[in-house]
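The data block below is my_file_28.pdb; it holds PDB, C-alpha atoms and all ligand atoms.
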```pdb
MODEL        1
ATOM      1  CA  MET A   1       1.462 -48.159  63.049  1.00  0.00           C
ATOM      2  CA  GLU A   2       1.969 -50.239  66.163  1.00  0.00           C
ATOM      3  CA  ILE A   3       1.710 -54.013  65.889  1.00  0.00           C
ATOM      4  CA  LYS A   4       0.606 -55.002  69.388  1.00  0.00           C
ATOM      5  CA  SER A   5       1.692 -58.644  69.122  1.00  0.00           C
ATOM      6  CA  PHE A   6       5.283 -57.698  68.222  1.00  0.00           C
ATOM      7  CA  ASN A   7       6.926 -57.641  71.638  1.00  0.00           C
ATOM      8  CA  PHE A   8      10.546 -58.449  70.813  1.00  0.00           C
ATOM      9  CA  CYS A   9      13.073 -57.664  68.116  1.00  0.00           C
ATOM     10  CA  PRO A  10      13.187 -60.778  65.862  1.00  0.00           C
ATOM     11  CA  ASN A  11      16.949 -60.295  65.417  1.00  0.00           C
ATOM     12  CA  CYS A  12      18.277 -59.721  68.967  1.00  0.00           C
ATOM     13  CA  ALA A  13      15.195 -60.348  71.168  1.00  0.00           C
ATOM     14  CA  SER A  14      15.423 -56.905  72.741  1.00  0.00           C
ATOM     15  CA  LYS A  15      12.234 -55.390  74.104  1.00  0.00           C
ATOM     16  CA  ASN A  16      13.602 -51.929  73.334  1.00  0.00           C
ATOM     17  CA  ILE A  17      11.581 -51.575  70.145  1.00  0.00           C
ATOM     18  CA  SER A  18       9.464 -48.851  68.614  1.00  0.00           C
ATOM     19  CA  PHE A  19       7.113 -48.254  65.753  1.00  0.00           C
ATOM     20  CA  ASP A  20       6.672 -45.259  63.578  1.00  0.00           C
ATOM     21  CA  TYR A  21       4.531 -44.556  60.531  1.00  0.00           C
ATOM     22  CA  ARG A  22       5.118 -47.859  58.690  1.00  0.00           C
ATOM     23  CA  LYS A  23       8.348 -49.014  60.241  1.00  0.00           C
ATOM     24  CA  PHE A  24       9.408 -51.284  63.075  1.00  0.00           C
ATOM     25  CA  ASN A  25      12.705 -50.306  64.736  1.00  0.00           C
ATOM     26  CA  CYS A  26      14.936 -52.087  67.204  1.00  0.00           C
ATOM     27  CA  ASN A  27      16.679 -49.435  69.276  1.00  0.00           C
ATOM     28  CA  ASP A  28      19.442 -51.854  70.341  1.00  0.00           C
ATOM     29  CA  CYS A  29      20.589 -53.630  67.146  1.00  0.00           C
ATOM     30  CA  ASN A  30      19.113 -51.076  64.710  1.00  0.00           C
ATOM     31  CA  MET A  31      17.117 -53.653  62.818  1.00  0.00           C
ATOM     32  CA  VAL A  32      14.441 -52.047  60.662  1.00  0.00           C
ATOM     33  CA  TYR A  33      11.381 -53.756  59.247  1.00  0.00           C
ATOM     34  CA  TYR A  34       8.970 -51.972  56.938  1.00  0.00           C
ATOM     35  CA  GLN A  35       5.321 -52.907  57.270  1.00  0.00           C
ATOM     36  CA  ASN A  36       4.704 -51.752  53.709  1.00  0.00           C
ATOM     37  CA  VAL A  37       1.361 -51.186  52.054  1.00  0.00           C
ATOM     38  CA  ALA A  38       0.158 -54.353  50.313  1.00  0.00           C
ATOM     39  CA  THR A  39      -1.450 -54.450  46.893  1.00  0.00           C
ATOM     40  CA  ALA A  40      -4.889 -55.986  46.735  1.00  0.00           C
ATOM     41  CA  THR A  41      -7.441 -56.252  43.946  1.00  0.00           C
ATOM     42  CA  ALA A  42     -11.221 -56.218  43.746  1.00  0.00           C
ATOM     43  CA  VAL A  43     -13.434 -56.967  40.758  1.00  0.00           C
ATOM     44  CA  ILE A  44     -16.791 -55.478  39.824  1.00  0.00           C
ATOM     45  CA  LEU A  45     -18.463 -58.291  37.877  1.00  0.00           C
ATOM     46  CA  ARG A  46     -21.147 -56.799  35.685  1.00  0.00           C
ATOM     47  CA  LYS A  47     -24.094 -58.680  34.191  1.00  0.00           C
ATOM     48  CA  GLY A  48     -26.660 -56.394  32.564  1.00  0.00           C
ATOM     49  CA  GLU A  49     -27.737 -53.928  35.249  1.00  0.00           C
ATOM     50  CA  GLU A  50     -26.426 -56.081  38.093  1.00  0.00           C
ATOM     51  CA  ILE A  51     -23.176 -56.414  40.034  1.00  0.00           C
ATOM     52  CA  LEU A  52     -22.058 -59.558  41.812  1.00  0.00           C
ATOM     53  CA  PHE A  53     -21.376 -59.195  45.538  1.00  0.00           C
ATOM     54  CA  THR A  54     -20.024 -61.908  47.765  1.00  0.00           C
ATOM     55  CA  VAL A  55     -21.072 -62.195  51.414  1.00  0.00           C
ATOM     56  CA  ARG A  56     -17.998 -62.621  53.594  1.00  0.00           C
ATOM     57  CA  ASN A  57     -17.785 -65.868  55.537  1.00  0.00           C
ATOM     58  CA  ARG A  58     -14.810 -64.890  57.714  1.00  0.00           C
ATOM     59  CA  GLU A  59     -13.427 -61.979  59.663  1.00  0.00           C
ATOM     60  CA  PRO A  60     -12.757 -59.177  59.097  1.00  0.00           C
ATOM     61  CA  GLN A  61     -16.198 -57.872  58.068  1.00  0.00           C
ATOM     62  CA  LYS A  62     -17.895 -61.281  58.286  1.00  0.00           C
ATOM     63  CA  GLY A  63     -21.492 -61.147  56.968  1.00  0.00           C
ATOM     64  CA  LYS A  64     -20.903 -57.934  55.001  1.00  0.00           C
ATOM     65  CA  LEU A  65     -20.978 -57.512  51.247  1.00  0.00           C
ATOM     66  CA  ASP A  66     -17.650 -57.740  49.485  1.00  0.00           C
ATOM     67  CA  LEU A  67     -16.301 -57.878  45.959  1.00  0.00           C
ATOM     68  CA  PRO A  68     -14.317 -60.850  44.633  1.00  0.00           C
ATOM     69  CA  GLY A  69     -10.588 -60.267  44.978  1.00  0.00           C
ATOM     70  CA  GLY A  70      -7.765 -60.410  47.494  1.00  0.00           C
ATOM     71  CA  PHE A  71      -4.091 -59.779  48.111  1.00  0.00           C
ATOM     72  CA  THR A  72      -1.835 -60.014  45.089  1.00  0.00           C
ATOM     73  CA  ASP A  73       0.707 -62.817  45.222  1.00  0.00           C
ATOM     74  CA  PRO A  74       4.452 -62.148  44.867  1.00  0.00           C
ATOM     75  CA  ASP A  75       5.517 -61.657  41.212  1.00  0.00           C
ATOM     76  CA  GLU A  76       1.928 -61.396  40.045  1.00  0.00           C
ATOM     77  CA  THR A  77       0.331 -58.528  38.106  1.00  0.00           C
ATOM     78  CA  ALA A  78      -2.871 -56.963  39.367  1.00  0.00           C
ATOM     79  CA  GLU A  79      -4.750 -58.393  36.380  1.00  0.00           C
ATOM     80  CA  GLU A  80      -3.367 -61.879  37.071  1.00  0.00           C
ATOM     81  CA  SER A  81      -4.480 -61.458  40.671  1.00  0.00           C
ATOM     82  CA  CYS A  82      -8.029 -60.602  39.497  1.00  0.00           C
ATOM     83  CA  GLN A  83      -8.029 -63.605  37.167  1.00  0.00           C
ATOM     84  CA  ARG A  84      -6.754 -66.000  39.856  1.00  0.00           C
ATOM     85  CA  GLU A  85      -9.159 -64.761  42.534  1.00  0.00           C
ATOM     86  CA  LEU A  86     -12.195 -65.082  40.235  1.00  0.00           C
ATOM     87  CA  LYS A  87     -11.154 -68.660  39.470  1.00  0.00           C
ATOM     88  CA  GLU A  88     -10.487 -69.554  43.108  1.00  0.00           C
ATOM     89  CA  GLU A  89     -13.514 -67.852  44.651  1.00  0.00           C
ATOM     90  CA  LEU A  90     -16.185 -68.375  41.988  1.00  0.00           C
ATOM     91  CA  ASN A  91     -14.788 -70.701  39.273  1.00  0.00           C
ATOM     92  CA  ILE A  92     -14.973 -67.917  36.692  1.00  0.00           C
ATOM     93  CA  THR A  93     -12.488 -67.965  33.799  1.00  0.00           C
ATOM     94  CA  THR A  94     -11.741 -64.579  32.240  1.00  0.00           C
ATOM     95  CA  PRO A  95      -9.027 -63.492  29.776  1.00  0.00           C
ATOM     96  CA  LEU A  96      -6.574 -60.988  31.270  1.00  0.00           C
ATOM     97  CA  GLU A  97      -7.343 -58.330  28.661  1.00  0.00           C
ATOM     98  CA  ASN A  98     -11.003 -58.200  29.752  1.00  0.00           C
ATOM     99  CA  PHE A  99     -10.210 -56.539  33.091  1.00  0.00           C
ATOM    100  CA  LYS A 100     -10.720 -52.784  32.872  1.00  0.00           C
ATOM    101  CA  TYR A 101      -9.017 -50.681  35.537  1.00  0.00           C
ATOM    102  CA  LEU A 102     -11.395 -48.410  37.424  1.00  0.00           C
ATOM    103  CA  LEU A 103      -9.651 -46.754  40.389  1.00  0.00           C
ATOM    104  CA  SER A 104      -7.666 -47.396  43.561  1.00  0.00           C
ATOM    105  CA  GLN A 105      -8.614 -46.859  47.197  1.00  0.00           C
ATOM    106  CA  PRO A 106      -6.621 -47.285  50.416  1.00  0.00           C
ATOM    107  CA  ASN A 107      -7.941 -49.753  52.979  1.00  0.00           C
ATOM    108  CA  ASN A 108      -7.312 -51.142  56.474  1.00  0.00           C
ATOM    109  CA  TYR A 109      -7.334 -54.899  56.842  1.00  0.00           C
ATOM    110  CA  GLU A 110      -6.808 -56.313  60.310  1.00  0.00           C
ATOM    111  CA  TYR A 111      -6.152 -60.046  60.381  1.00  0.00           C
ATOM    112  CA  LYS A 112      -5.523 -61.883  63.663  1.00  0.00           C
ATOM    113  CA  THR A 113      -4.499 -58.650  65.452  1.00  0.00           C
ATOM    114  CA  ILE A 114      -2.008 -57.601  62.755  1.00  0.00           C
ATOM    115  CA  PRO A 115      -3.008 -54.350  61.036  1.00  0.00           C
ATOM    116  CA  TYR A 116      -2.323 -54.322  57.304  1.00  0.00           C
ATOM    117  CA  LYS A 117      -2.621 -51.263  55.096  1.00  0.00           C
ATOM    118  CA  THR A 118      -3.603 -52.054  51.538  1.00  0.00           C
ATOM    119  CA  CYS A 119      -3.982 -50.183  48.283  1.00  0.00           C
ATOM    120  CA  ASP A 120      -6.969 -51.807  46.609  1.00  0.00           C
ATOM    121  CA  LEU A 121      -6.945 -51.738  42.801  1.00  0.00           C
ATOM    122  CA  VAL A 122     -10.479 -52.048  41.490  1.00  0.00           C
ATOM    123  CA  TYR A 123     -11.272 -53.515  38.068  1.00  0.00           C
ATOM    124  CA  GLU A 124     -14.443 -54.048  36.100  1.00  0.00           C
ATOM    125  CA  VAL A 125     -15.183 -57.104  33.985  1.00  0.00           C
ATOM    126  CA  THR A 126     -18.253 -58.394  32.173  1.00  0.00           C
ATOM    127  CA  PHE A 127     -19.596 -61.648  33.570  1.00  0.00           C
ATOM    128  CA  PRO A 128     -18.918 -64.438  31.056  1.00  0.00           C
ATOM    129  CA  ILE A 129     -22.394 -65.646  30.090  1.00  0.00           C
ATOM    130  CA  GLY A 130     -22.976 -69.347  30.677  1.00  0.00           C
ATOM    131  CA  THR A 131     -20.510 -69.622  33.559  1.00  0.00           C
ATOM    132  CA  GLU A 132     -21.624 -71.908  36.345  1.00  0.00           C
ATOM    133  CA  LEU A 133     -20.508 -70.391  39.638  1.00  0.00           C
ATOM    134  CA  ALA A 134     -18.786 -72.558  42.226  1.00  0.00           C
ATOM    135  CA  ILE A 135     -18.322 -70.743  45.524  1.00  0.00           C
ATOM    136  CA  GLU A 136     -15.240 -71.088  47.718  1.00  0.00           C
ATOM    137  CA  GLU A 137     -17.225 -71.746  50.866  1.00  0.00           C
ATOM    138  CA  ASP A 138     -14.647 -71.059  53.558  1.00  0.00           C
ATOM    139  CA  GLU A 139     -14.356 -67.466  52.321  1.00  0.00           C
ATOM    140  CA  ILE A 140     -17.797 -66.807  50.850  1.00  0.00           C
ATOM    141  CA  ALA A 141     -21.183 -67.475  52.492  1.00  0.00           C
ATOM    142  CA  GLU A 142     -23.197 -66.711  49.332  1.00  0.00           C
ATOM    143  CA  VAL A 143     -23.272 -64.457  46.281  1.00  0.00           C
ATOM    144  CA  LYS A 144     -25.832 -61.765  45.550  1.00  0.00           C
ATOM    145  CA  TRP A 145     -26.525 -60.131  42.200  1.00  0.00           C
ATOM    146  CA  ILE A 146     -27.732 -56.610  43.001  1.00  0.00           C
ATOM    147  CA  ASN A 147     -29.115 -54.057  40.551  1.00  0.00           C
ATOM    148  CA  ILE A 148     -26.832 -51.009  40.445  1.00  0.00           C
ATOM    149  CA  ASN A 149     -29.813 -48.809  41.365  1.00  0.00           C
ATOM    150  CA  GLU A 150     -30.580 -50.873  44.470  1.00  0.00           C
ATOM    151  CA  ILE A 151     -27.175 -51.153  46.116  1.00  0.00           C
ATOM    152  CA  ASN A 152     -27.104 -50.147  49.783  1.00  0.00           C
ATOM    153  CA  LEU A 153     -23.538 -48.901  50.228  1.00  0.00           C
ATOM    154  CA  ASP A 154     -23.755 -49.352  54.019  1.00  0.00           C
ATOM    155  CA  GLU A 155     -23.926 -53.126  53.526  1.00  0.00           C
ATOM    156  CA  ILE A 156     -20.450 -53.146  51.938  1.00  0.00           C
ATOM    157  CA  GLY A 157     -17.901 -54.032  54.618  1.00  0.00           C
ATOM    158  CA  PHE A 158     -14.690 -52.347  53.509  1.00  0.00           C
ATOM    159  CA  VAL A 159     -14.522 -48.556  53.208  1.00  0.00           C
ATOM    160  CA  SER A 160     -12.326 -48.807  50.108  1.00  0.00           C
ATOM    161  CA  LEU A 161     -14.861 -50.940  48.242  1.00  0.00           C
ATOM    162  CA  ARG A 162     -17.802 -48.838  49.428  1.00  0.00           C
ATOM    163  CA  LYS A 163     -16.097 -45.795  47.870  1.00  0.00           C
ATOM    164  CA  ALA A 164     -15.206 -47.702  44.709  1.00  0.00           C
ATOM    165  CA  VAL A 165     -18.768 -48.934  44.182  1.00  0.00           C
ATOM    166  CA  GLU A 166     -20.128 -45.455  44.888  1.00  0.00           C
ATOM    167  CA  TYR A 167     -17.744 -44.042  42.261  1.00  0.00           C
ATOM    168  CA  TYR A 168     -18.774 -46.768  39.821  1.00  0.00           C
ATOM    169  CA  ILE A 169     -22.510 -46.078  40.313  1.00  0.00           C
ATOM    170  CA  ASN A 170     -21.987 -42.325  39.838  1.00  0.00           C
ATOM    171  CA  ASN A 171     -19.902 -42.724  36.680  1.00  0.00           C
ATOM    172  CA  GLN A 172     -22.152 -44.930  34.578  1.00  0.00           C
TER     173      GLN A 172
HETATM  174 ZN    ZN B   1      17.325 -55.939  67.805  1.00  0.00          ZN
ENDMDL
END
```
Rewrite the structure of this file - the entire thing - as C-alpha cells.
Ligand SMILES: [Zn+2]
Amino acid sequence: MEIKSFNFCPNCASKNISFDYRKFNCNDCNMVYYQNVATATAVILRKGEEILFTVRNREPQKGKLDLPGGFTDPDETAEESCQRELKEELNITTPLENFKYLLSQPNNYEYKTIPYKTCDLVYEVTFPIGTELAIEEDEIAEVKWININEINLDEIGFVSLRKAVEYYINNQ
C-alpha cells in the first residue's frame, strides 16, 4: 500500500524507499514501518423500527449517510470507543454493557492523501429514551432517523457500513 506523500525515509532521509502490502521499507538503513490496520467502531442506534444515521460534514464521504463511531483511541476497548463516540458526536450516554456486538467489516479510509485500512467493529444499542441529542457540528451535518424498511443502502458512504447495515436488515 503506497503512501504517495512519503518521499523520504524518516530515519536516514534516503529516497531509496519501497512499500509492500502494509509495510514501508528503507532500502538503505533497513528501517521498517508497518502501516497496520486500525480498529474503528460504528454503532447502530435503534429506536423502535428506526435507525439513526448521521450525515457526514467532512471528507471522506462528505454528504453521505454514516453511523456514529470512529477510530478507537490507544488503550481503549471497542465498547469504550462506542460509548465515547456517542457522547462526543451526539451527547448520548450509554452503559458499556448495552452495546451488543454485531459483526466486523474491513474498510478503506483515506484522510489527507494517507490511505488507512480499518477493521470496523459494528455494535447495536437501543436509543436511551428521553435523550436530547446535541450534534458535533464539525463532523455531522444532521441526523436522520430512517425506518429499517426504507433504508437506501446506496446513500451510505462507506462500503463496510453499507454491508453491516444490509446484514442487520436481513437478520432481524
Ligand atoms: Zn533509511
Mind running chain A against ligand ZN 1 (chain B) at 8 Å and telling me each contacting residue's nearest atom pair with the distance in Å (one decimal), counting only C-alpha atoms and all ligand atoms, chain and number ascending, as JSON lines?
```
{"residue": "A:Phe8", "atom": "CA", "partner": "B:ZN1", "partner_atom": "ZN", "distance": 7.8}
{"residue": "A:Cys9", "atom": "CA", "partner": "B:ZN1", "partner_atom": "ZN", "distance": 4.6}
{"residue": "A:Pro10", "atom": "CA", "partner": "B:ZN1", "partner_atom": "ZN", "distance": 6.7}
{"residue": "A:Asn11", "atom": "CA", "partner": "B:ZN1", "partner_atom": "ZN", "distance": 5.0}
{"residue": "A:Cys12", "atom": "CA", "partner": "B:ZN1", "partner_atom": "ZN", "distance": 4.1}
{"residue": "A:Ala13", "atom": "CA", "partner": "B:ZN1", "partner_atom": "ZN", "distance": 5.9}
{"residue": "A:Ser14", "atom": "CA", "partner": "B:ZN1", "partner_atom": "ZN", "distance": 5.4}
{"residue": "A:Asn16", "atom": "CA", "partner": "B:ZN1", "partner_atom": "ZN", "distance": 7.8}
{"residue": "A:Ile17", "atom": "CA", "partner": "B:ZN1", "partner_atom": "ZN", "distance": 7.6}
{"residue": "A:Asn25", "atom": "CA", "partner": "B:ZN1", "partner_atom": "ZN", "distance": 7.9}
{"residue": "A:Cys26", "atom": "CA", "partner": "B:ZN1", "partner_atom": "ZN", "distance": 4.6}
{"residue": "A:Asn27", "atom": "CA", "partner": "B:ZN1", "partner_atom": "ZN", "distance": 6.7}
{"residue": "A:Asp28", "atom": "CA", "partner": "B:ZN1", "partner_atom": "ZN", "distance": 5.3}
{"residue": "A:Cys29", "atom": "CA", "partner": "B:ZN1", "partner_atom": "ZN", "distance": 4.1}
{"residue": "A:Asn30", "atom": "CA", "partner": "B:ZN1", "partner_atom": "ZN", "distance": 6.0}
{"residue": "A:Met31", "atom": "CA", "partner": "B:ZN1", "partner_atom": "ZN", "distance": 5.5}
```
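Selection result for the displayed file, with the PyMOL selection byres (((chain A and resi 57) around 6) and not hetatm) as criterion, is Arg56, Arg58, Lys62, Glu139, Ile140 and Ala141 of chain A.
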Any chance you can output those residues with C-alpha atoms as a PDB file, in the coordinates of the input?
```
ATOM      1  CA  ARG A  56     -17.998 -62.621  53.594  1.00  0.00           C
ATOM      2  CA  ARG A  58     -14.810 -64.890  57.714  1.00  0.00           C
ATOM      3  CA  LYS A  62     -17.895 -61.281  58.286  1.00  0.00           C
ATOM      4  CA  GLU A 139     -14.356 -67.466  52.321  1.00  0.00           C
ATOM      5  CA  ILE A 140     -17.797 -66.807  50.850  1.00  0.00           C
ATOM      6  CA  ALA A 141     -21.183 -67.475  52.492  1.00  0.00           C
TER       7      ALA A 141
END
```
For this session: Take the point (-25.5, -53.5, 36.8) in the file's coordinates, draw a sphere of radius 12 Å around it, and report as an MDAnalysis selection string every protein, DNA or RNA residue with an atom inside or on it, counting all atoms listed in the file.
Result: chainID A and resid 44:53 124:127 145:151 165 168:169 172
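Take atom CA of Leu161 of chain A and atom CA of Cys82 of chain A: the distance between them is 14.7 Å.
When atom CA of Lys100 of chain A is paired with atom CA of Gln35 of chain A, their separation reads 29.2 Å.
Closest approach to Glu137 of chain A from the set A:Ser81, A:Ala42, A:Leu90, A:Pro60 is made by A:Leu90, with distances taken over all atoms listed in the file.
Atom CA of Gly130 of chain A sits 16.4 Å away from atom CA of Val143 of chain A.
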Problem set entry | Result set, the PyMOL selection byres (((chain A and resi 41) around 9) and not hetatm) on current file, as a PyMOL selection string | chain A and resi 39-40+42-43+68-72+78-79+81-82+85+104+119-123
For the residues in that selection, give me C-alpha atoms as a CSV table (one decimal), in the coordinates of the input.
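Saved file part05.csv follows:
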```csv
chain,number,residue,atom,x,y,z
A,39,THR,CA,-1.4,-54.4,46.9
A,40,ALA,CA,-4.9,-56.0,46.7
A,42,ALA,CA,-11.2,-56.2,43.7
A,43,VAL,CA,-13.4,-57.0,40.8
A,68,PRO,CA,-14.3,-60.8,44.6
A,69,GLY,CA,-10.6,-60.3,45.0
A,70,GLY,CA,-7.8,-60.4,47.5
A,71,PHE,CA,-4.1,-59.8,48.1
A,72,THR,CA,-1.8,-60.0,45.1
A,78,ALA,CA,-2.9,-57.0,39.4
A,79,GLU,CA,-4.8,-58.4,36.4
A,81,SER,CA,-4.5,-61.5,40.7
A,82,CYS,CA,-8.0,-60.6,39.5
A,85,GLU,CA,-9.2,-64.8,42.5
A,104,SER,CA,-7.7,-47.4,43.6
A,119,CYS,CA,-4.0,-50.2,48.3
A,120,ASP,CA,-7.0,-51.8,46.6
A,121,LEU,CA,-6.9,-51.7,42.8
A,122,VAL,CA,-10.5,-52.0,41.5
A,123,TYR,CA,-11.3,-53.5,38.1
```
Could you list the residues chosen by the PyMOL selection byres (((chain A and resi 134) around 6) and not hetatm) in this structure as a tab-separated table (two decimals) with C-alpha atoms, in the frame of the given file?
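Output saved as out-v7.tsv:
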```tsv
chain	number	residue	atom	x	y	z
A	90	LEU	CA	-16.18	-68.38	41.99
A	91	ASN	CA	-14.79	-70.70	39.27
A	133	LEU	CA	-20.51	-70.39	39.64
A	135	ILE	CA	-18.32	-70.74	45.52
```
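Using only C-alpha atoms, the nearest neighbour of Ile3 of chain A within the list A:Pro106, A:Phe24, A:Asp75, A:Glu80 is A:Phe24.
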Exercise. When distances are computed from all atoms listed in the file, which of A:Ala164, A:Lys117, A:Tyr21, A:Lys64 shows the smallest separation from Tyr101 of chain A?
Worked result: A:Ala164
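Distances to Lys4 of chain A were evaluated for A:Ile114, A:Ile156, A:Ile129, A:Val32 using all atoms listed in the file, and the minimum falls at A:Ile114.
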Provide an axis-aligned box for all listed atoms of segment 23-35 of chain A, padding each side by 8 Å; report its centre and its edge lengths in Å to one decimal, as JSON.
```
{"center_x": 13.0, "center_y": -51.4, "center_z": 63.6, "size_x": 31.3, "size_y": 20.7, "size_z": 29.4}
```
